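A.B. asks: Below is a structure I'd like to ask you about.
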Amino acid sequence: MTASIAIQAPRRRQKGRGYKAFRAIMLVLVALVFLAPVVWMVLASFKTNVDIYNSEAAFIFTPTTKNYETVFGQADYVQYIWNSFFVAALATLLSLLLAVPAAYAMSRFVMKKSAVLVLLARVIPGVSLLVPWYFVFSNLRIVGTYTPLVLSHMFVSLPLILYIMMSFFDSLPEELEEQAQVDGLTPIGAFLRITLPLSVPGIATASILSFIFSWNNFMFALVLSGASTKTLPVAIFDFVGYASIDWGGLMAAAVVVTIPIMVIALFTQKYIVSGLTAGATKG
Amino acid sequence: MKHRSIRVMSAAVAVTALTGGLLAGCATEGDEGGEQVLRVTLANHVWTDIVKDKISEFEAAHEGVKVEVTQLGEDQLSDQYNVKLNAGTDEIDVMMYRPLQEGKLFAQNGYLADLSDYVTENADWDWSDFQDGPVEATTYEGNVVGVPIITEQEVLYYRTDVLEKLGIAVPETLDELEAAAKQIKEQGEIAGFVARTGVSAAVTQWSSFLFSQGGDFANDDYTKATLDTKAAKEAYELYGRLIGQYGPANVSTDMSWPDAAALFAQGQVAFYTDASSLYKNLTEAENSTVSDFVGFAPFPAGPEGSLPYNVPSWALGINNDSNKKDLAFDFVEWLTSPELTLEVQAAGVPAARTSVWENPEGTASFPEQLAEVIAIGSKTGVGYDRPRVISVAEAREIVGAPIVVAITGGDVDAAIEKAQADFQAFLDDEND
Amino acid sequence: MSTTTGRAVRTQSSFSLWANRNRKWVLAAPAMVFVALLIAFPLGWTLYLSFTDAAGSIRAPHDIIGFENYIDVLSDTDRFWPAVGRTAFFTIGAMVVEMVLGMLIALLLWRPFRGQGIVRVIILLPLVATPVAVGMMWRLIFEPTIGFANQFLSWFGIPPQPWLAGEATALPTLMFVDIWQWTPMVVLILLAGLTSLSDEPDEAARVDGANAWQRFWHVTFPLVMPTFITAVLLRGIDALKTFDILYATKGKGGGSFHEVETLNVYAYGLSFDYQKYGESSTVLIIFFLMIIGCIWLLTIRKKRSAS
């Protein structure tokens, strides 16, 4: 055994270096492909409209900060950012509260049909939901408040979180919970004190995705938001006029919309990464 | 019991958060004792930008009234109306809508309040000052359902420097336009002509070609489609040739005005026909590389003369389910007063009042040539630019199909035959 | 950590006893009730409308016409079936690439490396960029005459392409945009699944002399299969309903020749452009049933692979 390992070791080191280089190149390529259009967008936010249309001025142009002045000067972007954030955060939080326990139950008790029922919420096209929901909400006189927005976003987030967490729980061995119950915890207690902490990377992934979907949601916000609860994707259309499109402003607004969520994603990444180290010590 | 307290706590957090959110949102809705909220939805338009600043004046003059404006892009506004008016709502009082695109539909569905009595109340406001064509478009079965606020006409934009360099005179007829476009295209540096090419988008711009050839979409009472007349065929083929043969290579068949205008603004084409309201996309340095070389000409004449459209692109209506119709009309009246209209037009938005057009102040801000062109178009123009039916979107797609076929060089005759049959079936359907 | 002796028996409240005994439904019910409440009315409403000839306005009087809408839609070879074809083509095409690429990239990101934080954040960019703005941006980039894409190609001597403007190239171009935008989501989900795997099986295989491909295909992939299927399900459903980029780039009707009109775009057009509510509801119900059929097929296979 030792002989074969000794022979393997040097080969592995060589392969390691080659693989590392290959991996580095691939990662750079991947990063470039995903990054390039966004870079284009950011560059465009510093151009005048005429330069944006000019493909030859892609990299060489005179920059201007006018677009950002427009974005912050004219509209209530701080309010919109808050609205988007509040709705996305609340919807994600409430969806987690409902979906994570449900995912646990559906995983441990193999409730396939019930899971599909919840998935249906994501299947139904938004077009079907708009008029009936508006009808109900406007009769309840809550259109324009945060409530219908949060509810409609939760509707979309729930199945997402449910399914991600279900597959996560599926891969967690039940022995841990059984052991905890032997130790005197109730089944639900075991779930809360043993399983949940181990699921942090899954929860972080599900949360960030849910938050992103909420943040970018346009259709529901268009119809269910009022003047004071308008969210960012709807506000972006302020730059699309009847007889003119302010491309520069649009790109600047898009960049402004993206930054807060990038910060949040950065923050959440830590939890996903920390899950790595936790997972390594497990098992 | 730590686990139980966690659950209790999280439940409590959830409940407080939800209630908090509910309450936070609630504060903005409803009329609080004494104060009335007038809900107005407007489109993104230069007109809106101008009047929005003045709204506080209205509020000052009407004590206890607050005006809440929701402003959206054209398509989003349309979607909003679709959803909200279908569900039935009293949360919209005043709405800005497109008389030719959705006017008939809204009127037929009973969404628009009857304003016939309101408009004749105030002699100072002068309903008769509004141009005939636009007024016709906001009248349904004898009742006035909207007040037109913005108009547009089709004009010919051209590159003054290119025409000068090649010694071409500004085309006054469609034949001259074709010859000029051909000549420019053959020079090879830039393309000759561009216009909208999208099956639905192009219809309105193509209509001027149709009218100037002496054709129309259908007969007067819209019982018989007339897309297979000689005039219509000429119009289809000419439009197709102008773009397909003398336009940019690889031209997209989905261009709406932003795409077509961009081509002109980037110096890729010499001629461009589209609405007068778009001129700023071409004449302002921050939008256009050719801003110093833009010329404006009246729409070239066909055998029947120069007959571009002169349409009310936007009008103000009142939601029939609104419970504040009187106040709503006060607001509409104020927004469309002669004084405010003059201000609006002086800022570059063609409005719908005759008196304002005749006032030199009202045309001062337009590039001089353009003001003349618009004045000509306003007098001779046709009051509609698309089929005057209820389901306009569908009709546009039917009528526009041969346009795209002509541009791509396909079998125009077959396309016309099919369009005629489809449109006739469509009309039969609507009329029964 | 297991000390079972010496512990007093915990006294549980009756609520706690009840909750733990019935935990299956105590945990699952809130989510299910929530979904059921919000979905019941719209689903019922759409179903009802599909049996009527409602058009113009939902509030206008309309008649119940039984299955006439269904017959009309299912025999419509002009708009409906081509839309079905396009939906299938777009969804399957984009999905396959997204899953393969997603898996590859997730594998690349799996083991820690220097600068992994930055790369993970960059990966998220297409996902977080507002779809509406992204759609309009791609429209600019792909413009045949003045867009950057053809400019880019010209640097390599490749002739300009019609991209979104060509009848045959529009849908593939949009698939590319979709892949760019959504592969990160697949990466994220698969990565979460990969990081929850223990290292033992992989190590054991490595010691046994398996090469990288063998280790992946016979050890890693089967272990991460549940997560993989989850990603397929979630991404697949979203891909079927793709709307934003199609609408932002080609507008109503999916282009002049309906070249990108998928079922969702078609249903939207029927509702918002044509105001044919009866017909659009029918298309939506049929669409809904088709998706359920696909899910059912997939979960049957999942059951089989688990047994």
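Identifiers in the structure tokens: chain A, B, ... in order shown; residue index from 1 per chain; ligand index from 1 in order shown.
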Can you pull out every residue within 12 Å of range 22-27 of chain A, counting only C-alpha atoms, but drop anything in the same chain fewer than 5 positions away, and send it as a ChimeraX atom specification?

C.D. replies: /A:15-17,32-35 /C:101,104-116,118-120,122-123

A.B. asks: Those same residues - N, CA and C atoms - I'd like them written as a PDB file, in the first residue's frame.

C.D. replies:
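Saved file again03.pdb follows:
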```pdb
ATOM      1  N   LYS A  15       0.249  16.585 -11.558  1.00  0.00           N
ATOM      2  CA  LYS A  15      -1.080  16.786 -12.089  1.00  0.00           C
ATOM      3  C   LYS A  15      -1.710  17.986 -11.389  1.00  0.00           C
ATOM      4  N   GLY A  16      -1.417  18.103 -10.081  1.00  0.00           N
ATOM      5  CA  GLY A  16      -1.982  19.216  -9.320  1.00  0.00           C
ATOM      6  C   GLY A  16      -1.628  20.547  -9.939  1.00  0.00           C
ATOM      7  N   ARG A  17      -0.358  20.717 -10.324  1.00  0.00           N
ATOM      8  CA  ARG A  17       0.054  22.007 -10.854  1.00  0.00           C
ATOM      9  C   ARG A  17      -0.624  22.277 -12.192  1.00  0.00           C
ATOM     10  N   LEU A  32     -14.877  36.402 -16.936  1.00  0.00           N
ATOM     11  CA  LEU A  32     -14.950  37.402 -18.007  1.00  0.00           C
ATOM     12  C   LEU A  32     -16.287  37.365 -18.722  1.00  0.00           C
ATOM     13  N   VAL A  33     -16.734  36.165 -19.070  1.00  0.00           N
ATOM     14  CA  VAL A  33     -17.986  36.047 -19.810  1.00  0.00           C
ATOM     15  C   VAL A  33     -19.145  36.612 -19.007  1.00  0.00           C
ATOM     16  N   PHE A  34     -19.164  36.303 -17.713  1.00  0.00           N
ATOM     17  CA  PHE A  34     -20.265  36.805 -16.904  1.00  0.00           C
ATOM     18  C   PHE A  34     -20.125  38.287 -16.625  1.00  0.00           C
ATOM     19  N   LEU A  35     -18.895  38.739 -16.595  1.00  0.00           N
ATOM     20  CA  LEU A  35     -18.639  40.127 -16.209  1.00  0.00           C
ATOM     21  C   LEU A  35     -18.827  41.096 -17.371  1.00  0.00           C
TER      22      LEU A  35
ATOM     23  N   LEU C 101     -23.120  23.449 -18.160  1.00  0.00           N
ATOM     24  CA  LEU C 101     -22.209  24.526 -17.778  1.00  0.00           C
ATOM     25  C   LEU C 101     -22.237  24.761 -16.276  1.00  0.00           C
ATOM     26  N   LEU C 104     -20.257  22.127 -14.511  1.00  0.00           N
ATOM     27  CA  LEU C 104     -18.823  22.315 -14.725  1.00  0.00           C
ATOM     28  C   LEU C 104     -18.289  23.460 -13.876  1.00  0.00           C
ATOM     29  N   ILE C 105     -19.010  24.577 -13.897  1.00  0.00           N
ATOM     30  CA  ILE C 105     -18.532  25.733 -13.141  1.00  0.00           C
ATOM     31  C   ILE C 105     -18.599  25.457 -11.643  1.00  0.00           C
ATOM     32  N   ALA C 106     -19.653  24.760 -11.205  1.00  0.00           N
ATOM     33  CA  ALA C 106     -19.743  24.438  -9.783  1.00  0.00           C
ATOM     34  C   ALA C 106     -18.563  23.575  -9.361  1.00  0.00           C
ATOM     35  N   LEU C 107     -18.192  22.632 -10.224  1.00  0.00           N
ATOM     36  CA  LEU C 107     -17.030  21.796  -9.909  1.00  0.00           C
ATOM     37  C   LEU C 107     -15.765  22.636  -9.817  1.00  0.00           C
ATOM     38  N   LEU C 108     -15.639  23.590 -10.731  1.00  0.00           N
ATOM     39  CA  LEU C 108     -14.478  24.481 -10.709  1.00  0.00           C
ATOM     40  C   LEU C 108     -14.407  25.250  -9.390  1.00  0.00           C
ATOM     41  N   LEU C 109     -15.572  25.642  -8.885  1.00  0.00           N
ATOM     42  CA  LEU C 109     -15.598  26.485  -7.698  1.00  0.00           C
ATOM     43  C   LEU C 109     -15.608  25.691  -6.401  1.00  0.00           C
ATOM     44  N   TRP C 110     -15.698  24.397  -6.512  1.00  0.00           N
ATOM     45  CA  TRP C 110     -15.938  23.563  -5.349  1.00  0.00           C
ATOM     46  C   TRP C 110     -14.830  23.665  -4.316  1.00  0.00           C
ATOM     47  N   ARG C 111     -13.638  23.320  -4.752  1.00  0.00           N
ATOM     48  CA  ARG C 111     -12.549  23.341  -3.781  1.00  0.00           C
ATOM     49  C   ARG C 111     -12.091  24.766  -3.557  1.00  0.00           C
ATOM     50  N   PRO C 112     -11.712  25.079  -2.333  1.00  0.00           N
ATOM     51  CA  PRO C 112     -11.309  26.464  -2.049  1.00  0.00           C
ATOM     52  C   PRO C 112     -10.110  26.871  -2.896  1.00  0.00           C
ATOM     53  N   PHE C 113     -10.044  28.114  -3.230  1.00  0.00           N
ATOM     54  CA  PHE C 113      -8.891  28.625  -3.953  1.00  0.00           C
ATOM     55  C   PHE C 113      -8.784  30.103  -3.675  1.00  0.00           C
ATOM     56  N   ARG C 114      -7.666  30.647  -4.048  1.00  0.00           N
ATOM     57  CA  ARG C 114      -7.421  32.058  -3.753  1.00  0.00           C
ATOM     58  C   ARG C 114      -8.298  32.925  -4.629  1.00  0.00           C
ATOM     59  N   GLY C 115      -8.933  33.902  -4.020  1.00  0.00           N
ATOM     60  CA  GLY C 115      -9.781  34.793  -4.814  1.00  0.00           C
ATOM     61  C   GLY C 115     -11.160  34.219  -5.049  1.00  0.00           C
ATOM     62  N   GLN C 116     -11.516  33.179  -4.286  1.00  0.00           N
ATOM     63  CA  GLN C 116     -12.804  32.546  -4.543  1.00  0.00           C
ATOM     64  C   GLN C 116     -13.951  33.477  -4.200  1.00  0.00           C
ATOM     65  N   ILE C 118     -14.161  36.682  -4.690  1.00  0.00           N
ATOM     66  CA  ILE C 118     -14.431  37.601  -5.804  1.00  0.00           C
ATOM     67  C   ILE C 118     -15.129  36.878  -6.939  1.00  0.00           C
ATOM     68  N   VAL C 119     -14.624  35.679  -7.260  1.00  0.00           N
ATOM     69  CA  VAL C 119     -15.216  34.948  -8.375  1.00  0.00           C
ATOM     70  C   VAL C 119     -16.669  34.617  -8.082  1.00  0.00           C
ATOM     71  N   ARG C 120     -16.955  34.212  -6.843  1.00  0.00           N
ATOM     72  CA  ARG C 120     -18.334  33.881  -6.503  1.00  0.00           C
ATOM     73  C   ARG C 120     -19.237  35.098  -6.642  1.00  0.00           C
ATOM     74  N   ILE C 122     -18.688  37.658  -8.704  1.00  0.00           N
ATOM     75  CA  ILE C 122     -18.808  37.953 -10.132  1.00  0.00           C
ATOM     76  C   ILE C 122     -19.840  37.038 -10.775  1.00  0.00           C
ATOM     77  N   ILE C 123     -19.830  35.785 -10.346  1.00  0.00           N
ATOM     78  CA  ILE C 123     -20.777  34.831 -10.903  1.00  0.00           C
ATOM     79  C   ILE C 123     -22.201  35.318 -10.689  1.00  0.00           C
TER      80      ILE C 123
END
```

A.B. asks: Produce a table with one row for each residue of chain B that has an atom at most 8 Å from any atom of chain C, each row naming the nearest atom pair and its distance in Å at one decimal; use only C-alpha atoms; arrange rows by chain and rising residue number; format as a tab-separated table.

C.D. replies:
```
residue	atom	partner	partner_atom	distance
B:Arg4	CA	C:Ser16	CA	7.8
B:Asp79	CA	C:Phe272	CA	6.6
B:Asn82	CA	C:Phe272	CA	6.7
B:Asn86	CA	C:Ile58	CA	5.7
B:Ala87	CA	C:Arg59	CA	7.4
B:Gly88	CA	C:Arg59	CA	7.7
B:Leu105	CA	C:Gly56	CA	6.9
B:Asn109	CA	C:Ser57	CA	6.3
B:Gly198	CA	C:Ser256	CA	5.8
B:Val199	CA	C:Ser256	CA	4.9
B:Ser200	CA	C:Ser256	CA	7.6
B:Pro248	CA	C:Thr145	CA	7.6
B:Ala249	CA	C:Thr145	CA	7.7
B:Asn250	CA	C:Pro162	CA	6.3
B:Val251	CA	C:Pro144	CA	7.1
B:Ser252	CA	C:Ala165	CA	4.5
B:Thr253	CA	C:Ala165	CA	6.1
B:Asp254	CA	C:Ser256	CA	6.0
B:Leu263	CA	C:Ile146	CA	7.4
B:Gln266	CA	C:Ile146	CA	8.0
B:Ser391	CA	C:Tyr274	CA	6.1
B:Val392	CA	C:Tyr274	CA	7.9
B:Ala393	CA	C:Asp273	CA	5.7
B:Glu394	CA	C:Tyr274	CA	5.9
B:Ala401	CA	C:Ser256	CA	7.7
B:Val404	CA	C:Ser256	CA	7.4
```

A.B. asks: Taking only C-alpha atoms into account, which residues of chain A are within 9 Å of chain B, as a ChimeraX atom specification?

C.D. replies: /A:48-51,53-54,86-87,90,93-94,97,130-132,134-136,138-139,141-147,150,188-190,192-193,222-223,226-229,234-235,237-246

A.B. asks: Write the residues of the selection above to a file with N, CA and C atoms, as a short mmCIF file (atom, residue, chain, number, x, y, z; two decimals), in the first residue's frame.

C.D. replies:
```cif
data_model
loop_
_atom_site.label_atom_id
_atom_site.label_comp_id
_atom_site.auth_asym_id
_atom_site.auth_seq_id
_atom_site.Cartn_x
_atom_site.Cartn_y
_atom_site.Cartn_z
N THR A 48 -22.88 59.55 -22.80
CA THR A 48 -24.09 60.24 -23.27
C THR A 48 -24.80 59.32 -24.23
N ASN A 49 -26.08 59.60 -24.46
CA ASN A 49 -26.89 58.71 -25.31
C ASN A 49 -26.26 58.47 -26.67
N VAL A 50 -25.71 59.50 -27.24
CA VAL A 50 -25.18 59.35 -28.58
C VAL A 50 -23.98 58.39 -28.58
N ASP A 51 -23.21 58.41 -27.50
CA ASP A 51 -22.07 57.50 -27.43
C ASP A 51 -22.51 56.07 -27.19
N TYR A 53 -25.04 54.55 -28.41
CA TYR A 53 -25.43 53.94 -29.66
C TYR A 53 -24.25 53.70 -30.58
N ASN A 54 -23.14 54.36 -30.27
CA ASN A 54 -22.01 54.28 -31.18
C ASN A 54 -21.10 53.15 -30.76
N PHE A 86 -37.21 46.51 1.61
CA PHE A 86 -38.16 46.09 2.64
C PHE A 86 -39.01 44.91 2.17
N VAL A 87 -39.54 45.06 0.95
CA VAL A 87 -40.39 43.99 0.43
C VAL A 87 -39.60 42.70 0.26
N LEU A 90 -38.61 41.24 3.81
CA LEU A 90 -39.74 40.70 4.54
C LEU A 90 -40.28 39.45 3.87
N LEU A 93 -37.84 36.61 4.51
CA LEU A 93 -37.91 36.16 5.90
C LEU A 93 -39.15 35.32 6.16
N LEU A 94 -40.30 35.85 5.76
CA LEU A 94 -41.55 35.13 6.00
C LEU A 94 -41.58 33.82 5.22
N LEU A 97 -39.61 31.31 7.10
CA LEU A 97 -40.34 30.82 8.27
C LEU A 97 -41.36 29.76 7.89
N LEU A 130 -52.60 38.22 -12.21
CA LEU A 130 -52.70 39.67 -12.08
C LEU A 130 -54.10 40.17 -11.82
N VAL A 131 -55.04 39.88 -12.71
CA VAL A 131 -56.38 40.44 -12.53
C VAL A 131 -57.09 39.91 -11.29
N PRO A 132 -57.11 38.59 -11.07
CA PRO A 132 -57.79 38.11 -9.86
C PRO A 132 -57.19 38.69 -8.59
N TYR A 134 -55.49 41.47 -8.22
CA TYR A 134 -55.79 42.90 -8.11
C TYR A 134 -57.22 43.08 -7.64
N PHE A 135 -58.10 42.26 -8.17
CA PHE A 135 -59.51 42.34 -7.81
C PHE A 135 -59.69 42.13 -6.31
N VAL A 136 -59.06 41.08 -5.79
CA VAL A 136 -59.20 40.78 -4.37
C VAL A 136 -58.56 41.87 -3.52
N SER A 138 -57.80 44.96 -4.25
CA SER A 138 -58.38 46.29 -4.29
C SER A 138 -59.70 46.32 -3.54
N ASN A 139 -60.39 45.18 -3.50
CA ASN A 139 -61.61 45.14 -2.70
C ASN A 139 -61.29 45.13 -1.22
N ARG A 141 -59.00 46.86 -0.18
CA ARG A 141 -58.45 48.21 -0.03
C ARG A 141 -57.00 48.21 0.45
N ILE A 142 -56.22 47.24 0.01
CA ILE A 142 -54.82 47.27 0.44
C ILE A 142 -53.85 47.46 -0.72
N VAL A 143 -54.38 47.75 -1.89
CA VAL A 143 -53.47 48.01 -3.00
C VAL A 143 -52.69 49.28 -2.73
N GLY A 144 -51.40 49.25 -2.99
CA GLY A 144 -50.60 50.43 -2.73
C GLY A 144 -49.89 50.34 -1.39
N THR A 145 -50.27 49.38 -0.55
CA THR A 145 -49.52 49.16 0.69
C THR A 145 -48.49 48.09 0.41
N TYR A 146 -47.70 47.79 1.42
CA TYR A 146 -46.68 46.78 1.22
C TYR A 146 -47.26 45.37 1.21
N THR A 147 -48.43 45.20 1.81
CA THR A 147 -48.96 43.85 2.02
C THR A 147 -49.10 43.02 0.74
N VAL A 150 -45.67 42.06 -0.60
CA VAL A 150 -44.99 41.02 0.17
C VAL A 150 -45.64 39.67 -0.08
N ILE A 188 -39.04 18.00 17.20
CA ILE A 188 -38.95 19.37 16.69
C ILE A 188 -37.73 20.08 17.27
N GLY A 189 -37.44 19.76 18.53
CA GLY A 189 -36.25 20.33 19.15
C GLY A 189 -34.99 19.93 18.39
N ALA A 190 -34.95 18.65 18.01
CA ALA A 190 -33.79 18.17 17.26
C ALA A 190 -33.66 18.94 15.95
N LEU A 192 -34.64 21.97 15.39
CA LEU A 192 -34.20 23.34 15.62
C LEU A 192 -32.75 23.42 16.06
N ARG A 193 -32.34 22.49 16.91
CA ARG A 193 -31.02 22.68 17.51
C ARG A 193 -29.92 21.94 16.79
N LEU A 222 -45.65 46.17 -10.72
CA LEU A 222 -46.27 47.11 -11.64
C LEU A 222 -47.72 47.36 -11.28
N VAL A 223 -48.41 46.28 -10.96
CA VAL A 223 -49.85 46.40 -10.75
C VAL A 223 -50.22 46.63 -9.28
N GLY A 226 -48.15 51.15 -5.22
CA GLY A 226 -48.70 52.49 -5.38
C GLY A 226 -47.56 53.49 -5.56
N ALA A 227 -47.90 54.74 -5.57
CA ALA A 227 -46.88 55.76 -5.81
C ALA A 227 -45.80 55.72 -4.74
N SER A 228 -46.19 55.43 -3.49
CA SER A 228 -45.19 55.47 -2.43
C SER A 228 -44.52 54.13 -2.17
N THR A 229 -45.08 53.06 -2.75
CA THR A 229 -44.45 51.76 -2.51
C THR A 229 -43.83 51.22 -3.78
N VAL A 234 -39.81 48.85 -11.46
CA VAL A 234 -40.84 49.69 -12.05
C VAL A 234 -40.30 51.10 -12.26
N ALA A 235 -39.52 51.56 -11.26
CA ALA A 235 -38.98 52.91 -11.34
C ALA A 235 -38.04 53.07 -12.51
N PHE A 237 -38.39 52.18 -15.42
CA PHE A 237 -39.11 52.56 -16.63
C PHE A 237 -39.37 54.06 -16.71
N ASP A 238 -39.06 54.76 -15.64
CA ASP A 238 -39.16 56.22 -15.71
C ASP A 238 -38.29 56.77 -16.82
N PHE A 239 -37.27 56.01 -17.18
CA PHE A 239 -36.37 56.51 -18.21
C PHE A 239 -36.81 56.17 -19.61
N VAL A 240 -37.90 55.42 -19.69
CA VAL A 240 -38.42 55.10 -21.01
C VAL A 240 -39.58 56.03 -21.30
N GLY A 241 -39.33 57.04 -22.05
CA GLY A 241 -40.37 58.03 -22.32
C GLY A 241 -41.15 57.67 -23.56
N TYR A 242 -42.15 58.48 -23.87
CA TYR A 242 -42.98 58.22 -25.04
C TYR A 242 -42.20 58.48 -26.31
N ALA A 243 -41.46 59.58 -26.34
CA ALA A 243 -40.75 59.92 -27.56
C ALA A 243 -39.24 59.97 -27.34
N SER A 244 -38.79 59.37 -26.26
CA SER A 244 -37.34 59.38 -26.05
C SER A 244 -37.00 58.33 -25.01
N ILE A 245 -35.86 57.69 -25.17
CA ILE A 245 -35.39 56.76 -24.15
C ILE A 245 -34.06 57.29 -23.63
N ASP A 246 -34.01 57.56 -22.36
CA ASP A 246 -32.76 58.04 -21.80
C ASP A 246 -31.89 56.84 -21.45
#
```

A.B. asks: Quick one: residues within 8 Å of Ala129 in chain C, only C-alpha atoms, excluding same-chain residues fewer than 6 positions away - as a list in words?

C.D. replies: Val38, Asn216, Ala254, Val255, Val257 and Thr258 of chain A

A.B. asks: Just the number, please: distance in Å from CA of Val116 in chain A to CA of Val33 in chain C, one decimal.

C.D. replies: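 Distance reported for this atom pair: 13.6 Å.
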
A.B. asks: Out of B:Val170, B:Ala406, B:Val40, B:Leu115, which residue has the shortest atom-to-atom distance to Lys233 in chain B when counting only C-alpha atoms?

C.D. replies: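 Closest candidate: B:Ala406.
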
A.B. asks: Give the residues of chain A that lie within 7 Å of chain C; count only C-alpha atoms, and format the answer as a PyMOL selection string.

C.D. replies: chain A and resi 23+31+34-35+53-55+98-99+101-102+105+118+121+123-125+127-129+132+155+160+163-164+167-168+183+186-188+201-202+205+212+216+233+254+258+261+266+276+279-280+283

A.B. asks: Set the distance at 9 Å and use only C-alpha atoms: which residues neighbour Glu234 in chain B once local chain neighbours fewer than 4 positions away are removed? I'd like the list as a PyMOL selection string.

C.D. replies: chain B and resi 209-210+213+229-230+238-239

A.B. asks: Produce a file of the selected residues containing N, CA and C atoms, as a CSV table (one decimal), in the first residue's frame.

C.D. replies:
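File written: result.csv
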```csv
chain,number,residue,atom,x,y,z
B,209,PHE,N,-48.2,56.9,-46.2
B,209,PHE,CA,-48.0,56.5,-47.6
B,209,PHE,C,-49.3,56.0,-48.2
B,210,LEU,N,-50.0,55.3,-47.4
B,210,LEU,CA,-51.3,54.7,-47.9
B,210,LEU,C,-52.2,55.8,-48.2
B,213,GLN,N,-51.3,57.8,-51.4
B,213,GLN,CA,-51.6,57.1,-52.6
B,213,GLN,C,-53.1,57.1,-52.9
B,229,THR,N,-56.6,47.3,-52.8
B,229,THR,CA,-56.7,48.3,-53.8
B,229,THR,C,-55.4,48.6,-54.4
B,230,LYS,N,-55.4,49.2,-55.6
B,230,LYS,CA,-54.2,49.5,-56.3
B,230,LYS,C,-53.3,50.4,-55.4
B,238,LEU,N,-43.9,50.5,-52.3
B,238,LEU,CA,-43.0,51.6,-52.1
B,238,LEU,C,-42.2,51.6,-50.8
B,239,TYR,N,-43.0,51.4,-49.8
B,239,TYR,CA,-42.4,51.3,-48.4
B,239,TYR,C,-41.4,50.2,-48.4
```

A.B. asks: How far is it from CA of Ala44 in chain A to CA of Asp49 in chain B, in Å with one decimal?

C.D. replies: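 According to the coordinates, CA of Ala44 in chain A and CA of Asp49 in chain B are separated by 24.6 Å.
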
A.B. asks: Run DSSP on the backbone of this structure and report the residues of range 8-216 of chain C it assigns to helix (DSSP H, G or I), as a VMD selection string.

C.D. replies: chain C and resid 14 to 21 23 to 50 68 to 74 80 to 110 116 to 128 131 to 141 148 to 155 163 to 165 170 to 195 200 to 207 212 to 216

A.B. asks: So which residues touch range 68-80 of chain A within 8 Å, counting only C-alpha atoms, skipping near sequence neighbours fewer than 2 positions away, as a PDB file with C-alpha atoms, in the first residue's frame?

C.D. replies:
```
ATOM      1  CA  SER A  45     -23.892  54.612 -17.526  1.00  0.00           C
ATOM      2  CA  THR A  65     -21.633  61.881 -14.496  1.00  0.00           C
ATOM      3  CA  LYS A  66     -24.816  63.439 -15.785  1.00  0.00           C
ATOM      4  CA  TRP A  82     -35.988  51.158   0.609  1.00  0.00           C
ATOM      5  CA  ASN A  83     -39.241  49.808  -0.818  1.00  0.00           C
ATOM      6  CA  SER A  84     -37.461  47.142  -2.804  1.00  0.00           C
ATOM      7  CA  SER A 228     -45.186  55.473  -2.428  1.00  0.00           C
ATOM      8  CA  THR A 229     -44.452  51.757  -2.508  1.00  0.00           C
ATOM      9  CA  LYS A 230     -43.035  51.662  -6.021  1.00  0.00           C
ATOM     10  CA  THR A 231     -40.106  49.311  -6.338  1.00  0.00           C
ATOM     11  CA  LEU A 232     -36.943  49.698  -8.373  1.00  0.00           C
ATOM     12  CA  ALA A 235     -38.981  52.914 -11.335  1.00  0.00           C
ATOM     13  CA  GLY A 249     -30.116  57.281 -17.285  1.00  0.00           C
ATOM     14  CA  ALA A 252     -27.163  54.411 -14.437  1.00  0.00           C
ATOM     15  CA  ALA A 253     -30.415  53.456 -12.737  1.00  0.00           C
TER      16      ALA A 253
END
```

A.B. asks: Go through B:Gly305, B:Gly409, B:Pro134, B:Pro338 one by one, measure the shortest atom-to-atom distance of each to Ile243 in chain B using only C-alpha atoms, and give the residue with the smallest value.

C.D. replies: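 Among the listed residues, the smallest separation from Ile243 in chain B belongs to B:Gly409.
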
A.B. asks: Counting only C-alpha atoms, which residue out of A:Val263, A:Ala21, A:Val110, A:Ile81 sits closest to Phe169 in chain A?

C.D. replies: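 Of A:Val263, A:Ala21, A:Val110, A:Ile81, the one nearest Phe169 in chain A, counting only C-alpha atoms, is A:Val110.
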
A.B. asks: Give me the residues within 8 Å of Ile179 in chain C as a ChimeraX atom specification, counting only C-alpha atoms and dropping any in the same chain fewer than 2 places off.

C.D. replies: /C:94-95,97-98,175-177,181-183

A.B. asks: Output C-alpha atoms for every residue in that selection, as an mmCIF file, in the first residue's frame.

C.D. replies:
```cif
data_model
loop_
_atom_site.group_PDB
_atom_site.id
_atom_site.type_symbol
_atom_site.label_atom_id
_atom_site.label_comp_id
_atom_site.auth_asym_id
_atom_site.auth_seq_id
_atom_site.Cartn_x
_atom_site.Cartn_y
_atom_site.Cartn_z
ATOM 1 C CA ALA C 94 -31.239 26.549 -22.771
ATOM 2 C CA MET C 95 -31.702 24.073 -19.921
ATOM 3 C CA VAL C 97 -26.547 24.050 -21.660
ATOM 4 C CA GLU C 98 -27.290 25.672 -18.319
ATOM 5 C CA MET C 175 -31.163 31.367 -25.603
ATOM 6 C CA PHE C 176 -27.619 32.637 -25.314
ATOM 7 C CA VAL C 177 -28.831 35.586 -23.245
ATOM 8 C CA GLN C 181 -28.279 35.162 -17.141
ATOM 9 C CA TRP C 182 -29.355 31.953 -15.409
ATOM 10 C CA THR C 183 -26.385 29.610 -15.345
#
```
